[in-house]
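For reference, final.csv is printed below; it contains CSV, C-alpha atoms.
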```
chain,number,residue,atom,x,y,z
A,151,MET,CA,-20.6,-9.7,-11.5
A,152,THR,CA,-19.0,-12.8,-10.0
A,153,ASP,CA,-15.7,-10.9,-9.6
A,154,THR,CA,-17.5,-8.0,-7.8
A,155,THR,CA,-19.3,-10.4,-5.5
A,156,SER,CA,-16.1,-12.2,-4.6
A,157,VAL,CA,-14.4,-8.9,-3.8
A,158,PHE,CA,-17.3,-8.1,-1.5
A,159,GLU,CA,-17.2,-11.4,0.2
A,160,ASN,CA,-13.5,-11.1,0.9
A,161,SER,CA,-13.5,-7.5,1.8
A,162,PRO,CA,-12.0,-6.7,5.2
A,163,GLU,CA,-14.1,-3.5,5.5
A,164,ALA,CA,-14.7,-2.9,9.1
A,165,GLU,CA,-17.8,-1.8,10.9
A,166,PHE,CA,-17.9,1.3,13.1
A,167,GLY,CA,-17.7,-0.9,16.2
A,168,ASP,CA,-14.4,-2.4,15.0
A,169,TYR,CA,-12.7,1.0,15.2
A,170,VAL,CA,-14.2,1.5,18.7
A,171,ALA,CA,-12.7,-1.9,19.7
A,172,LEU,CA,-9.3,-0.6,18.5
A,173,LEU,CA,-9.5,2.0,21.3
A,174,LYS,CA,-9.6,-0.7,24.0
A,175,PRO,CA,-12.8,0.6,25.6
A,176,ARG,CA,-12.4,-1.4,28.8
A,177,VAL,CA,-8.9,0.1,29.5
A,178,MET,CA,-10.4,3.5,28.5
A,179,SER,CA,-12.9,3.2,31.3
A,180,LEU,CA,-10.1,3.1,33.9
A,181,VAL,CA,-8.4,6.0,32.2
A,182,VAL,CA,-11.6,8.1,32.3
A,183,PHE,CA,-12.3,7.2,35.9
A,184,THR,CA,-8.8,8.0,37.3
A,185,ALA,CA,-8.3,11.1,35.1
A,186,LEU,CA,-11.7,12.4,36.2
A,187,THR,CA,-10.8,11.8,39.8
A,188,GLY,CA,-7.5,13.7,39.4
A,189,LEU,CA,-9.4,16.6,37.9
A,190,LEU,CA,-12.2,16.6,40.5
A,191,VAL,CA,-10.0,16.4,43.6
A,192,ALA,CA,-7.6,19.2,42.3
A,193,PRO,CA,-7.9,22.4,44.3
A,194,VAL,CA,-8.6,24.5,41.2
A,195,SER,CA,-12.1,24.4,39.7
A,196,VAL,CA,-12.6,24.0,36.0
A,197,HIS,CA,-15.5,25.0,33.8
A,198,PRO,CA,-17.7,21.8,33.4
A,199,LEU,CA,-17.5,21.9,29.6
A,200,VAL,CA,-13.7,22.3,29.6
A,201,GLY,CA,-13.5,19.4,32.2
A,202,PHE,CA,-15.7,17.2,30.0
A,203,ALA,CA,-13.7,18.0,26.9
A,204,ALA,CA,-10.4,17.4,28.8
A,205,ILE,CA,-11.5,14.0,30.0
A,206,LEU,CA,-12.8,13.1,26.5
A,207,PHE,CA,-9.5,13.9,24.9
A,208,ILE,CA,-7.5,12.2,27.6
A,209,ALA,CA,-9.6,9.1,26.9
A,210,LEU,CA,-9.2,9.5,23.2
A,211,GLY,CA,-5.4,9.7,23.7
A,212,GLY,CA,-5.5,6.6,25.7
A,213,GLY,CA,-7.6,4.9,23.0
A,214,ALA,CA,-5.2,6.1,20.3
A,215,SER,CA,-2.3,4.5,22.2
A,216,GLY,CA,-4.4,1.3,22.4
A,217,ALA,CA,-4.8,1.3,18.6
A,218,LEU,CA,-1.0,1.8,18.2
A,219,ASN,CA,-0.4,-1.0,20.6
A,220,MET,CA,-2.7,-3.3,18.6
A,221,TRP,CA,-0.9,-2.3,15.4
A,222,TRP,CA,2.5,-3.2,16.8
A,223,ASP,CA,1.4,-6.3,18.7
A,224,ALA,CA,-0.7,-7.8,15.9
A,225,ASP,CA,1.7,-10.8,15.5
A,226,ILE,CA,1.4,-11.9,19.2
A,227,ASP,CA,-2.3,-11.0,19.4
A,228,ARG,CA,-2.9,-13.7,16.8
A,229,ILE,CA,-1.3,-16.3,19.1
A,230,MET,CA,-2.8,-15.4,22.5
A,231,ARG,CA,-6.3,-16.7,23.2
A,232,ARG,CA,-7.3,-13.6,25.1
A,233,THR,CA,-6.4,-11.3,22.1
A,234,ARG,CA,-7.2,-13.4,19.1
A,235,ASN,CA,-10.5,-11.7,18.5
A,236,ARG,CA,-9.1,-8.2,18.4
A,237,PRO,CA,-9.9,-6.3,15.1
A,238,ILE,CA,-6.5,-6.9,13.4
A,239,PRO,CA,-6.0,-10.6,14.1
A,240,ALA,CA,-9.7,-11.1,13.3
A,241,GLY,CA,-9.0,-9.6,9.9
A,242,LYS,CA,-11.5,-6.8,10.2
A,243,VAL,CA,-9.1,-3.9,10.3
A,244,SER,CA,-5.7,-3.8,8.4
A,245,GLU,CA,-2.5,-3.0,10.2
A,246,GLY,CA,-2.0,0.1,8.2
A,247,GLU,CA,-5.5,1.4,9.0
A,248,ALA,CA,-4.9,0.8,12.7
A,249,LEU,CA,-1.6,2.7,12.5
A,250,GLY,CA,-3.1,5.7,10.7
A,251,PHE,CA,-6.1,5.7,13.0
A,252,GLY,CA,-3.9,5.6,16.1
A,253,LEU,CA,-1.6,8.3,14.8
A,254,ALA,CA,-4.4,10.6,13.7
A,255,LEU,CA,-6.3,10.3,17.0
A,256,SER,CA,-3.0,10.8,19.0
A,257,GLY,CA,-2.5,14.1,17.2
A,258,ILE,CA,-6.1,15.2,17.6
A,259,SER,CA,-6.3,14.3,21.3
A,260,VAL,CA,-3.0,16.1,22.2
A,261,VAL,CA,-3.8,19.3,20.2
A,262,MET,CA,-7.4,19.4,21.5
A,263,LEU,CA,-6.4,18.9,25.1
A,264,GLY,CA,-3.8,21.6,24.8
A,265,LEU,CA,-6.3,24.0,23.3
A,266,ALA,CA,-9.2,23.1,25.7
A,267,ALA,CA,-7.2,22.9,28.9
A,268,ASN,CA,-3.5,23.9,28.9
A,269,TRP,CA,-0.4,22.9,26.9
A,270,PHE,CA,1.3,21.3,29.9
A,271,ALA,CA,-1.6,18.8,30.1
A,272,GLY,CA,-1.4,18.4,26.3
A,273,ALA,CA,2.4,17.7,26.4
A,274,PHE,CA,1.8,15.3,29.3
A,275,LEU,CA,-0.7,13.3,27.3
A,276,ALA,CA,1.7,13.2,24.3
A,277,PHE,CA,4.4,11.9,26.6
A,278,THR,CA,2.0,9.2,28.0
A,279,ILE,CA,1.1,8.0,24.5
A,280,PHE,CA,4.9,7.9,23.6
A,281,PHE,CA,5.6,6.0,26.8
A,282,TYR,CA,2.9,3.4,26.3
A,283,VAL,CA,3.6,2.9,22.6
A,284,VAL,CA,7.4,3.3,22.3
A,285,VAL,CA,8.8,2.6,25.7
A,286,TYR,CA,6.3,-0.2,26.8
A,287,THR,CA,4.9,-1.8,23.6
A,288,MET,CA,7.9,-1.5,21.3
A,289,TRP,CA,10.8,-1.8,23.7
A,290,LEU,CA,10.1,-3.3,27.1
A,291,LYS,CA,7.2,-5.7,26.6
A,292,ARG,CA,9.2,-8.2,24.6
A,293,SER,CA,12.6,-7.6,26.1
A,294,THR,CA,12.4,-7.7,29.9
A,295,PRO,CA,10.3,-9.5,32.6
A,296,GLN,CA,10.1,-6.1,34.3
A,297,ASN,CA,7.8,-5.0,31.3
A,298,ILE,CA,4.7,-4.8,33.5
A,299,VAL,CA,6.5,-2.7,36.2
A,300,ILE,CA,7.8,0.1,34.0
A,301,GLY,CA,5.0,-0.2,31.5
A,302,GLY,CA,2.5,0.3,34.3
A,303,ALA,CA,3.6,3.9,34.4
A,304,ALA,CA,1.6,4.6,31.2
A,305,GLY,CA,-1.6,3.5,32.9
A,306,ALA,CA,-0.7,5.6,36.0
A,307,PHE,CA,-0.3,8.9,34.3
A,308,PRO,CA,-4.1,9.7,33.7
A,309,PRO,CA,-4.8,11.1,37.2
A,310,MET,CA,-1.7,13.3,36.9
A,311,ILE,CA,-3.0,14.6,33.5
A,312,GLY,CA,-6.4,15.2,35.1
A,313,TRP,CA,-4.7,17.1,37.9
A,314,ALA,CA,-2.6,19.0,35.4
A,315,VAL,CA,-5.8,20.0,33.5
A,316,ALA,CA,-7.0,21.8,36.6
A,317,THR,CA,-3.8,23.1,38.1
A,318,GLY,CA,-1.4,23.3,35.1
A,319,GLY,CA,1.3,21.5,37.0
A,320,ILE,CA,2.4,18.6,39.1
A,321,SER,CA,2.3,18.3,42.9
A,322,VAL,CA,2.9,15.7,45.7
A,323,GLU,CA,-0.8,14.7,45.5
A,324,SER,CA,-0.7,13.9,41.8
A,325,VAL,CA,2.6,12.1,42.1
A,326,LEU,CA,1.1,9.9,44.9
A,327,MET,CA,-1.9,9.1,42.8
A,328,PHE,CA,0.5,8.1,40.1
A,329,MET,CA,2.5,5.9,42.5
A,330,LEU,CA,-0.8,4.2,43.7
A,331,ILE,CA,-1.5,2.9,40.2
A,332,PHE,CA,2.1,2.4,39.3
A,333,MET,CA,2.8,0.1,42.3
A,334,TRP,CA,-0.6,-1.6,42.0
A,335,THR,CA,-0.1,-2.7,38.3
A,336,PRO,CA,2.6,-5.4,38.8
A,337,PRO,CA,0.7,-7.5,41.5
A,338,HIS,CA,-2.5,-7.0,39.4
A,339,PHE,CA,-1.0,-8.4,36.2
A,340,TRP,CA,1.2,-11.0,37.7
A,341,ALA,CA,-1.8,-12.5,39.4
A,342,LEU,CA,-3.4,-12.6,36.0
A,343,ALA,CA,-0.2,-14.2,34.5
A,344,LEU,CA,-0.4,-17.0,37.2
A,345,PHE,CA,-3.7,-18.3,35.9
A,346,MET,CA,-3.2,-17.4,32.2
A,347,LYS,CA,0.2,-19.0,32.0
A,348,SER,CA,0.1,-20.7,28.6
A,349,ASP,CA,-0.8,-17.6,26.6
A,350,TYR,CA,2.2,-15.5,27.5
A,351,ALA,CA,4.6,-18.4,27.1
A,352,GLU,CA,3.3,-19.3,23.6
A,353,ALA,CA,3.6,-15.7,22.5
A,354,ASP,CA,7.2,-15.4,23.8
A,355,VAL,CA,6.3,-12.4,26.0
A,356,PRO,CA,8.9,-12.5,28.8
A,357,MET,CA,6.4,-12.4,31.7
A,358,LEU,CA,8.0,-13.0,35.1
A,359,THR,CA,6.1,-16.4,35.3
A,360,VAL,CA,8.0,-17.5,32.2
A,361,THR,CA,11.4,-16.1,32.9
A,362,HIS,CA,11.8,-16.5,36.7
A,363,GLY,CA,9.3,-19.1,37.5
A,364,ARG,CA,6.0,-19.1,39.3
A,365,LYS,CA,7.4,-19.2,42.8
A,366,ALA,CA,9.4,-16.0,42.2
A,367,THR,CA,6.3,-14.4,40.8
A,368,ARG,CA,4.4,-15.2,44.0
A,369,THR,CA,7.2,-13.6,46.0
A,370,HIS,CA,7.2,-10.5,43.7
A,371,ILE,CA,3.4,-10.1,44.1
A,372,LEU,CA,3.9,-10.0,47.9
A,373,VAL,CA,6.9,-7.6,47.8
A,374,TYR,CA,5.1,-5.1,45.5
A,375,THR,CA,1.9,-5.3,47.5
A,376,LEU,CA,3.9,-4.4,50.6
A,377,LEU,CA,5.7,-1.6,48.8
A,378,LEU,CA,2.3,-0.3,47.5
A,379,ALA,CA,0.8,0.2,51.0
A,380,PRO,CA,2.9,3.2,52.1
A,381,PHE,CA,2.2,5.1,48.9
A,382,ALA,CA,-1.5,4.4,49.2
A,383,LEU,CA,-1.6,5.4,52.9
A,384,ALA,CA,0.6,8.5,52.3
A,385,LEU,CA,-2.2,10.0,50.2
A,386,ALA,CA,-4.3,10.2,53.3
A,387,ALA,CA,-1.8,12.8,54.8
A,388,THR,CA,-2.0,15.1,51.7
A,389,SER,CA,-4.5,17.9,51.0
A,390,ILE,CA,-6.8,15.5,49.1
A,391,GLY,CA,-6.8,12.9,51.8
A,392,GLY,CA,-8.7,12.7,55.1
A,393,PRO,CA,-10.2,10.3,57.7
A,394,VAL,CA,-12.6,8.6,55.2
A,395,TYR,CA,-9.7,7.9,52.8
A,396,LEU,CA,-7.4,6.7,55.6
A,397,ALA,CA,-10.0,4.3,56.9
A,398,ALA,CA,-10.7,2.9,53.4
A,399,SER,CA,-7.0,2.6,52.6
A,400,LEU,CA,-6.2,0.8,55.8
A,401,VAL,CA,-8.9,-1.8,55.3
A,402,LEU,CA,-8.1,-2.2,51.6
A,403,ASN,CA,-4.3,-2.6,52.1
A,404,ALA,CA,-4.8,-5.0,54.9
A,405,MET,CA,-7.0,-7.2,52.7
A,406,PHE,CA,-4.7,-6.8,49.7
A,407,ILE,CA,-1.6,-7.8,51.8
A,408,ALA,CA,-3.5,-10.8,53.3
A,409,GLY,CA,-4.4,-11.9,49.7
A,410,ALA,CA,-0.7,-11.6,48.6
A,411,LEU,CA,0.4,-13.6,51.7
A,412,ARG,CA,-2.1,-16.4,50.7
A,413,ILE,CA,-0.7,-16.4,47.2
A,414,ARG,CA,2.9,-16.5,48.5
A,415,ARG,CA,2.2,-19.5,50.8
A,416,ARG,CA,0.7,-21.6,48.0
A,417,ASP,CA,2.5,-23.8,45.7
A,418,GLU,CA,1.5,-24.8,42.1
A,419,ALA,CA,0.0,-28.1,43.2
A,420,ALA,CA,-2.4,-26.4,45.5
A,421,ALA,CA,-3.2,-23.8,42.9
A,422,GLU,CA,-3.8,-26.4,40.2
A,423,ALA,CA,-6.0,-28.4,42.6
A,424,ASP,CA,-8.5,-25.6,43.2
A,425,GLY,CA,-8.3,-24.0,39.7
A,426,TYR,CA,-6.3,-20.9,40.9
A,427,ARG,CA,-9.1,-19.8,43.1
A,428,VAL,CA,-7.0,-17.6,45.4
A,429,GLU,CA,-5.1,-16.0,42.5
A,430,LYS,CA,-8.3,-15.3,40.6
A,431,ARG,CA,-9.9,-13.8,43.7
A,432,PHE,CA,-6.8,-11.7,44.3
A,433,PHE,CA,-7.0,-10.4,40.7
A,434,GLY,CA,-10.7,-9.6,41.1
A,435,PHE,CA,-10.0,-7.8,44.4
A,436,SER,CA,-7.2,-5.8,42.9
A,437,LEU,CA,-9.7,-4.1,40.7
A,438,SER,CA,-11.9,-3.2,43.7
A,439,TYR,CA,-8.8,-2.1,45.6
A,440,LEU,CA,-7.9,0.6,43.0
A,441,PHE,CA,-11.5,1.6,42.3
A,442,LEU,CA,-12.3,2.1,46.0
A,443,HIS,CA,-9.2,4.1,46.7
A,444,PHE,CA,-10.2,6.6,44.0
A,445,VAL,CA,-13.8,6.5,45.2
A,446,ALA,CA,-12.5,7.4,48.7
A,447,LEU,CA,-10.6,10.4,47.2
A,448,LEU,CA,-13.8,11.5,45.5
A,449,ALA,CA,-15.7,11.1,48.7
A,450,GLU,CA,-13.2,13.4,50.5
A,451,ALA,CA,-13.6,16.0,47.8
A,452,GLY,CA,-17.4,15.7,47.9
A,453,LEU,CA,-17.4,16.0,51.7
A,454,ALA,CA,-15.1,19.1,51.5
A,455,GLN,CA,-18.0,20.8,49.6
A,456,PHE,CA,-19.9,20.7,52.9
A,457,GLY,CA,-17.0,21.5,55.1
A,458,TRP,CA,-16.5,17.9,56.3
A,459,GLY,CA,-13.7,16.5,54.2
A,460,GLY,CA,-10.0,16.5,54.9
A,461,TRP,CA,-8.3,16.9,58.2
B,539,MET,CA,-36.3,0.7,-8.1
B,540,ALA,CA,-32.7,0.2,-7.0
B,541,PHE,CA,-30.0,0.4,-9.8
B,542,GLN,CA,-27.9,-2.3,-8.2
B,543,GLU,CA,-28.3,-5.0,-5.6
B,544,GLU,CA,-27.9,-3.8,-2.0
B,545,HIS,CA,-25.1,-5.9,-0.6
B,546,GLU,CA,-24.3,-6.5,3.1
B,547,LEU,CA,-21.1,-4.5,2.5
B,548,HIS,CA,-23.2,-1.4,1.7
B,549,LYS,CA,-25.0,-1.8,5.0
B,550,ARG,CA,-21.7,-2.0,6.9
B,551,ARG,CA,-20.3,1.0,5.0
B,552,PHE,CA,-23.5,3.0,5.7
B,553,GLY,CA,-23.2,2.2,9.4
B,554,ARG,CA,-19.6,3.3,9.5
B,555,ASN,CA,-20.4,6.5,7.6
B,556,LEU,CA,-23.4,7.3,9.9
B,557,GLY,CA,-21.2,6.7,13.0
B,558,LEU,CA,-18.5,8.9,11.6
B,559,GLY,CA,-21.0,11.6,10.7
B,560,ILE,CA,-22.4,11.6,14.3
B,561,VAL,CA,-18.9,11.7,15.8
B,562,LEU,CA,-18.0,14.7,13.6
B,563,ALA,CA,-21.2,16.5,14.4
B,564,LEU,CA,-20.6,16.1,18.1
B,565,PHE,CA,-17.0,17.2,17.7
B,566,VAL,CA,-18.1,20.4,15.9
B,567,ALA,CA,-20.7,21.0,18.7
B,568,LEU,CA,-18.0,20.5,21.3
B,569,VAL,CA,-15.5,22.8,19.7
B,570,PHE,CA,-18.3,25.4,19.3
B,571,GLY,CA,-19.1,25.1,23.0
B,572,LEU,CA,-15.4,25.3,24.0
B,573,THR,CA,-15.1,28.5,21.9
B,574,ILE,CA,-18.0,30.1,23.7
B,575,VAL,CA,-16.6,29.2,27.1
B,576,LYS,CA,-13.1,30.4,26.2
B,577,VAL,CA,-14.1,33.6,24.5
B,578,GLY,CA,-16.8,34.3,27.1
B,579,GLY,CA,-14.3,33.9,29.9
B,580,GLU,CA,-12.1,36.6,28.5
B,581,ARG,CA,-14.7,39.2,28.2
B,582,PRO,CA,-13.5,42.4,29.9
B,583,GLN,CA,-15.4,43.1,33.2
B,584,PRO,CA,-16.6,46.6,34.0
B,585,ALA,CA,-14.6,48.3,36.7
B,586,PRO,CA,-16.3,48.3,40.1
B,587,ALA,CA,-17.8,51.6,41.2
B,588,GLY,CA,-15.3,53.8,42.9
B,589,ALA,CA,-12.2,52.1,41.5
B,590,PRO,CA,-9.6,54.4,40.0
B,591,ALA,CA,-9.6,54.5,36.2
B,592,ALA,CA,-6.5,53.3,34.6
B,593,THR,CA,-4.7,56.2,33.0
B,594,GLU,CA,-1.3,56.8,31.5
B,595,ALA,CA,-0.4,58.9,34.5
B,596,GLY,CA,-1.3,56.1,36.8
B,597,LYS,CA,1.5,53.9,35.4
```

As a first step, turn the structure in this file into structure tokens.
Amino acid sequence: MTDTTSVFENSPEAEFGDYVALLKPRVMSLVVFTALTGLLVAPVSVHPLVGFAAILFIALGGGASGALNMWWDADIDRIMRRTRNRPIPAGKVSEGEALGFGLALSGISVVMLGLAANWFAGAFLAFTIFFYVVVYTMWLKRSTPQNIVIGGAAGAFPPMIGWAVATGGISVESVLMFMLIFMWTPPHFWALALFMKSDYAEADVPMLTVTHGRKATRTHILVYTLLLAPFALALAATSIGGPVYLAASLVLNAMFIAGALRIRRRDEAAAEADGYRVEKRFFGFSLSYLFLHFVALLAEAGLAQFGWGGW
Amino acid sequence: MAFQEEHELHKRRFGRNLGLGIVLALFVALVFGLTIVKVGGERPQPAPAGAPAATEAGK
């Protein structure tokens, strides 16, 4: 009886919520929102249940890649403060379980998306999972300071998949939605890296702040913010853009560039003095920046229903 | 009377099984719904009045 009790006490058996945590629910919310926008602004209508299922399986595929990311990165997740409480480093889920869980959900999500929507969208989801797990997590994350730049593509694919669910293909609109998230990702994460510096350094992840210094990171944030603006504004000229989107994008880009300029002008002493207030505010605003761009696209699609959207 | 002591582990395991059961039930319902939508969408529509009937000679 004593033996049985000790087995129970030391059992790593996870709760249902631990498996949900493996799917990175917070990242999933961004995937759901951008994929749903891609689906809703597309010029082809989809049956509501098919659309619901498609978004669900895109989210599940994103979650599966999150579980595979946690399986591969368990060693560095144990070191970083931000990730120490994830299910694997916390000892709630074993690495093998996370691998099996991630692989099974990847297969289910891809096949079900192919069956529910179309096989182009299914293949696109499979490629996205491959890109995030193999290209970003296994290859780039630990080998180059450009990890965030290229890895950001994985997070930028969901609106293209949503668009592909409706149209069965790719177009300039979906590519520009991809570019919007792709170019937004580096300044967003580098701002985070500026005020979370010790974590990445301790885990030996070659973040730009560690390899090229913090001044270079500040310059990179400004350069990428400037490069992002034309792609964001170009969406206004496409079939899914319009005056509402253009006005929103002009204001948001002006504010984002102003924030990047403030970051560029500061040195470490000033940042340390006020607890990285400007960097933290820029990071917070970057979330609103992306969210509001997609809300503006949805607004254009909504207005179009009444004959008001677009040009 | 319970045959063995209920341990905290059993509660955790029950919660997990219940969660999995609910997820599976919802999945079955979703696949059923998708099947209805997909099969229903392919139902042949009756030809509109006055439309020429498709015949071998019409090929």

Do you have, as a tab-separated table, the list of residues of chain B lying at most 10 Å from chain A, each with its nearest atom pair and that distance in Å to one decimal, counting all atoms listed in the file and ordered by chain then number?
```
residue	atom	partner	partner_atom	distance
B:His545	CA	A:Phe158	CA	8.2
B:Glu546	CA	A:Phe158	CA	8.5
B:Leu547	CA	A:Phe158	CA	6.6
B:His548	CA	A:Phe158	CA	9.5
B:Lys549	CA	A:Glu165	CA	9.3
B:Arg550	CA	A:Glu165	CA	5.6
B:Arg551	CA	A:Glu165	CA	7.0
B:Phe552	CA	A:Glu165	CA	9.1
B:Gly553	CA	A:Phe166	CA	6.5
B:Arg554	CA	A:Phe166	CA	4.5
B:Asn555	CA	A:Phe166	CA	8.0
B:Leu556	CA	A:Phe166	CA	8.7
B:Gly557	CA	A:Phe166	CA	6.3
B:Leu558	CA	A:Phe166	CA	7.8
B:Phe565	CA	A:Ala203	CA	9.8
B:Leu568	CA	A:Ala203	CA	7.5
B:Val569	CA	A:Ala266	CA	8.7
B:Gly571	CA	A:Leu199	CA	7.5
B:Leu572	CA	A:Val200	CA	6.6
B:Thr573	CA	A:Ala266	CA	8.9
B:Val575	CA	A:Leu199	CA	7.8
B:Lys576	CA	A:Ala266	CA	8.3
B:Gly579	CA	A:His197	CA	9.8
```

| query | If we count only C-alpha atoms, what is near range 344-346 of chain A at a cut-off of 10 Å, once residues fewer than 2 positions away on the same chain are taken out, given as a VMD selection string? | reply | chain A and resid 230 to 232 339 to 342 348 to 351 357 to 360 363 to 365 367 to 368 418 421 to 422 425 to 427 429 to 430 433

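Excluding Phe274 in chain A itself and same-chain residues fewer than 3 positions from it, the residues having an atom within 9 Å of it are Val260, Trp269, Phe270, Ala271, Phe277, Thr278, Ile279, Phe307, Met310, Ile311 and Ala314 of chain A, counting all atoms listed in the file.
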
| Interatomic distance, CA of Arg415 in chain A to CA of Val373 in chain A (Å, one decimal) | 13.1 Å

Write out as CSV a residue-level contact list of range 247-349 of chain A versus range 171-193 of chain A with cut-off 6 Å: for each qualifying residue the closest pair of atoms and the distance in Å to one decimal, counting all atoms listed in the file, rows sorted by chain and residue number upward.
```
residue,atom,partner,partner_atom,distance
A:Pro308,CA,A:Ala185,CA,4.6
A:Pro309,CA,A:Ala185,CA,4.1
A:Gly312,CA,A:Leu189,CA,4.3
A:Trp313,CA,A:Gly188,CA,4.7
A:Ala316,CA,A:Leu189,CA,5.9
```

Now that the selection is made, can you save its residues with C-alpha atoms as a PDB file, in the frame of the given file?
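What ended up in selection28.pdb:
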```
ATOM      1  CA  PRO A 308      -4.100   9.700  33.700  1.00  0.00           C
ATOM      2  CA  PRO A 309      -4.800  11.100  37.200  1.00  0.00           C
ATOM      3  CA  GLY A 312      -6.400  15.200  35.100  1.00  0.00           C
ATOM      4  CA  TRP A 313      -4.700  17.100  37.900  1.00  0.00           C
ATOM      5  CA  ALA A 316      -7.000  21.800  36.600  1.00  0.00           C
TER       6      ALA A 316
END
```

| Atomic separation - CA of Ile258 in chain A relative to CA of Gly212 in chain A, Å | 11.8 Å
